[in-house]
Amino acid sequence: MSLVVCRVRGTRNKERSPRCQAPSAKCILMSSQRLFYGTEMTKMKVETKQLYRDTATYAGKEVVLEGWIRTIRASKNIGFIELNDGTFFRNVQVVFGDTMPNFADIARLPIATALRVTGAVLETPEARQPFEICATEITVEAESSADYPLQKKRHSLEYLREIAHLRPRSNLFSAVFRVRSVAAFAVHKFFMENNFVYVHSPIITGSDAEGAGQMFKVTTLDMLNTPRTEAGKVDYSRDFFAKETHLTVSGQLEAEIFALAFKNVYTFGPTFRAENSNTARHAAEFWMIEPELAFADLKDNMDNIEAVIKYVFAYVLEQCPEEMDFFCEYVDKDLRERLDNVVKSEFGRVTYTEAIKILQQSGRSFEFPVKWGMDLQTEHERYLSEQVYKRPVFVTNYPKDIKSFYMRLDDDGTTVAATDLLVPGVGELVGASQREERYDVLVERMKSLGMDLEPYWWYLELRKFGGVKHSGYGIGFERLVMYLTGVTNIRDVIACPRTVGNLRI
RNA sequence: GCCUUAGUAGCUCAAUGGUAGAGCAACCGGCUGUUAACCGGUAGGUUGUAGGUUCGAGCCCUGCCUAAGGCGCCA
C-alpha cells in the first residue's frame with residue numbers, strides 16, 4: 001500500500017511552502033492505524049463535515065472520502081478536484097498527481113461524477129482552504145456526462161427552477177435546504193424545551209369553510225361519471241368519506257382542541273391553498289407552524305412569537321456559519337446585520353389605529369389611500385416594517401370586519417385581539433389572534449357572518465367545558481426561511497414548489 | 001384574476017429596420033500548485049410561436065405560449 005502523501009515534483013517554493021512539508025509516510029501509517037475501524041484493511045471513511053469541524057484530528061491521517069465532483073482542473077502532471085459529499089456546504093480540495101496510474105482518465109472526468117478518494121489529509125493554513133486531501137487512489141463510483149446542466153458558474157434562479165431535480169447540487173440550494181432543515185429542527189427544539197406538545201393535525205378536513213381561502217377537493221369519485229343526488233348535485237355520500245372533503249388550509253381549529261387539553265401545543269406540517277396567487281411569497285403547498293397557547297392573551301401570544309423567531313434565528317446563525325456567509329456574499333450583503341438586529345432588538349408593537357395615523361401623517365402618497373377600517377395593503381405594510389420600524393413589527397387590534405370569525409372581540413366592540421407580524425422584505429410572516437372563548441359572543445359573530453354552525457359543533461362545544469382564554473398563531477415556514485436566507489422567491493426555498501399552473505416535479 | 005416587462009447558441013448576455021456576435025460550457029491541443037485556473041484552436045442559430053407591415057424584420061404591429069416584476073388573496 002502506497003502512503004506517499006503528496007508526490008508533487010514542483011520545485012518552486014519547495015523549501016518555504018508549508019503545503020510541501022508533508023508528514024512522512026511512516027508517521028501517517030502509525031497514527032492512522034489507531035483510527036481505523038474494523039479490520040486493518042478497512043480504511044477510515046470520513047464525511048466532509050467531520051473534516052472541517054475537526055481538522056486537527058484527521059491531519060496527517062489517511063482517509064477515504066466519497067463524493068461528487070463540483071469542479072476539476074488539471075495540467076499535465078497535477079490536478080485539483082473540489083469534491084462535495086453533501087454533508088457540508090464547502091467542498092474538499094483533492095490533489096492528484098501523475099503518479100496515479102489513472103491520472104489521465106481522472107483528469108478528463110466531467111462534473112458531477114461520483115468518486116471514492118483515498119488519501120492523506122494535509123493542513124494548508126496559508127491556502128484558501130484549511131486542508132486538502134493528497135490522493136493516493138481515486139476510483140470512479142458513478143460517471144456523469146458532459147451535458148450535465150449545472151456549470152461551474154452562476155446560474156439564474158429561473159434557470160435553476162427548470163432543473164429542480166438538480167438544483168440542490170448548486171451552492172445556493174445546498175445552503176438554502178441545509179438552513180431549512182436546521183431551522184425546522186430549531187422550531188421543534190424551542191417548543192420541546194418550553195414543554196409544548198407537538199400535535200399532528202389532519203391533512204384531510206371535512207369542514208369546507210375555514211375562512212382561509214380556496215381549498216383543494218379530496219375525492220375518489222369518478223370524475224367522468226360522478227354520482228348525482230335527485231337534485232342533480234354531486235352525491236358526496238358515495239364518496240370515500242361519505243361527505244365532501246378537502247386538503248387542510250390550517251390546523252388551527254384542531255390545535256385548539258389540544259390546547260384545551262395540553263395547555264401549550266403546536267403543529268408543524270403541510271398546508272394547501274388553491275388560491276390563484278401569482279406572487280413571490282405564495283405557494284399552493286407550504287408548511288406552517290401553528291402554536292396554540294391556553295391561559296394566554298394576545299400579549300402572551302406576541303411574547304411567544306418573538307421568542308421563537310429569535311431562538312430559531314440565533315440557532316441557525318450559530319449552526320450554519322458557512323451558509324450564512326454565502327448568503328451575505330451572494331444573496332444579500334446586509335443579511336447578517338439584519339438578522340443580528342432581529343435577534344438583539346425588541347420587535348415593534350403598534351395598534352392598527354396607531355398605524356393608520358402613522359401612515360396618514362407620513363406625508364407619503366400611497367396608491368391605496370389610508371383610511372381607518374381598510375385592510376393594510378402591501379405598500380402600507382412595507383412602509384411600516386421597512387421605513388418606520390426597520391425590524392419586525394406587530395400590528396395589533398384590527399377592525400373586526402376585516403378579520404376572521406374566531407378572533408376575540410375587543411371591549412370596544414369594533415376591533416379584535418389579532419396581530420400580524422410584518423417583516424422587511426417578506427411581508428406578513430405571522431398571523432395571530434386571541435381566540436373568542438365566550439360561547440355566546442362567538443355564536444353571535446358566526447351568525448352575523450351567515451355561517452352554518454353545524455360543522456363547528458365541536459368547536460363551539462370546546463367553549464362550554466372549561467373553555468379558557470387562549471391564543472395562537474401561524475408562521476409561514478417558507479417565509480421564515482426566506483427571511484433567514486435573503487432569498488426573495490418562495491419557489492426557491494421549497495424542494496419541489498407547487499404554484500398555479502406549475503408542478504414540474 | 002389584473003398591470004408591466006422580457007423571450008437571440010447548452011448558460012449569461014450583445015446586435016441604429018440592412019452580412020446574427022461575445023464570454024463561459026462542450027470538443028481538440030498546451031501548461032508542474034490550481035481556486036468560477038490559465039493559454040491556443042474547433043464546432044455550435046428556423047432569434048419562443050402563428051400571422052401581418054416592409055424592397056428587406058432579432059428589431060415595427062396583432063394573437064398565442066412561457067417566464068419575471070408589481071398588485072389582489074394570505075402564511
# chains A, B, ... in the order shown; residues from 1 in each chain; ligands from 1
call {"tool": "residues_around", "arguments": {"residues": "Ile163 (chain A)", "least_positions_apart": "3", "cutoff": "12 Å", "atoms": "only C-alpha atoms (C1' of nucleotides)", "output": "list in words"}}
result
Tyr148, Pro149, Leu150, His155, Ser156, Leu157, Glu158, Tyr159, Leu160, Leu166, Arg167, Pro168, Arg169, Ser170, Phe173, Asp492, Ala495, Cys496, Pro497, Arg504 and Ile505 of chain A
call {"tool": "closest_atom_pairs", "arguments": {"of": "chain B", "to": "chain A", "cutoff": "10 Å", "atoms": "only C-alpha atoms (C1' of nucleotides)", "output": "tab-separated table"}}
result
residue	atom	partner	partner_atom	distance
B:G1	C1'	A:Asn276	CA	7.3
B:G10	C1'	A:Pro149	CA	7.3
B:C11	C1'	A:His155	CA	7.1
B:U12	C1'	A:His155	CA	7.7
B:C24	C1'	A:Lys153	CA	7.8
B:A25	C1'	A:Gln151	CA	6.6
B:A26	C1'	A:Ala146	CA	7.0
B:G30	C1'	A:Lys76	CA	8.9
B:C31	C1'	A:Ser75	CA	5.8
B:U32	C1'	A:Gly10	CA	5.3
B:G33	C1'	A:Ile78	CA	7.9
B:U34	C1'	A:Phe80	CA	6.5
B:U35	C1'	A:Arg128	CA	7.4
B:A36	C1'	A:Lys153	CA	5.1
B:A37	C1'	A:Arg73	CA	7.0
B:C38	C1'	A:Ser75	CA	9.9
B:A67	C1'	A:Glu158	CA	7.7
B:A68	C1'	A:Glu158	CA	8.3
B:G69	C1'	A:Thr279	CA	9.2
B:G70	C1'	A:Thr279	CA	8.8
B:C71	C1'	A:Thr378	CA	8.6
B:G72	C1'	A:Ser277	CA	8.4
B:C73	C1'	A:Ser277	CA	6.7
B:C74	C1'	A:Ala212	CA	7.6
B:A75	C1'	A:Gly476	CA	4.2
call {"tool": "closest_residue", "arguments": {"among": "B:C2, B:G7, B:A43, B:G17", "to": "A57 (chain B)", "atoms": "only C-alpha atoms (C1' of nucleotides)"}}
result
B:G17
call {"tool": "residues_around", "arguments": {"residues": "Ala284 (chain A)", "least_positions_apart": "5", "cutoff": "7 Å", "atoms": "only C-alpha atoms (C1' of nucleotides)", "output": "list of chain:residue names"}}
result
A:Phe272, A:Arg273, A:Ala274, A:Arg498, A:Thr499
call {"tool": "write_last_selection", "arguments": {"atoms": "C-alpha atoms", "output": "PDB file, in the first residue's frame"}}
result
ATOM      1  CA  PHE A 272     -52.689  23.691   0.986  1.00  0.00           C
ATOM      2  CA  ARG A 273     -54.256  26.732  -0.627  1.00  0.00           C
ATOM      3  CA  ALA A 274     -55.880  26.624  -4.047  1.00  0.00           C
ATOM      4  CA  ARG A 498     -46.317  23.980  -6.372  1.00  0.00           C
ATOM      5  CA  THR A 499     -47.868  27.182  -7.686  1.00  0.00           C
TER       6      THR A 499
END
call {"tool": "select_by_dssp", "arguments": {"residues": "region 240-436 of chain A", "states": "alpha helix (DSSP H)", "output": "JSON, numbers by chain"}}
result
{"A": [252, 253, 254, 255, 256, 257, 258, 259, 260, 261, 262, 298, 299, 300, 301, 302, 303, 304, 305, 306, 307, 308, 309, 310, 311, 312, 313, 314, 315, 316, 317, 318, 319, 321, 322, 323, 324, 325, 326, 327, 328, 329, 330, 335, 336, 337, 338, 339, 340, 341, 342, 343, 344, 352, 353, 354, 355, 356, 357, 358, 359, 360, 378, 379, 380, 381, 382]}
call {"tool": "select_by_dssp", "arguments": {"residues": "region 160-408 of chain A", "states": "strand (DSSP E or B)", "output": "JSON, numbers by chain"}}
result
{"A": [197, 198, 204, 205, 217, 218, 228, 234, 245, 246, 247, 264, 265, 266, 267, 268, 269, 270, 271, 272, 285, 286, 287, 288, 289, 290, 291, 292, 293, 294, 348, 349, 350, 351, 393, 394, 395, 396, 399, 407]}
call {"tool": "residues_around", "arguments": {"residues": "Asp297 (chain A)", "least_positions_apart": "4", "cutoff": "8 Å", "atoms": "only C-alpha atoms (C1' of nucleotides)", "output": "count of residues only"}}
result
5
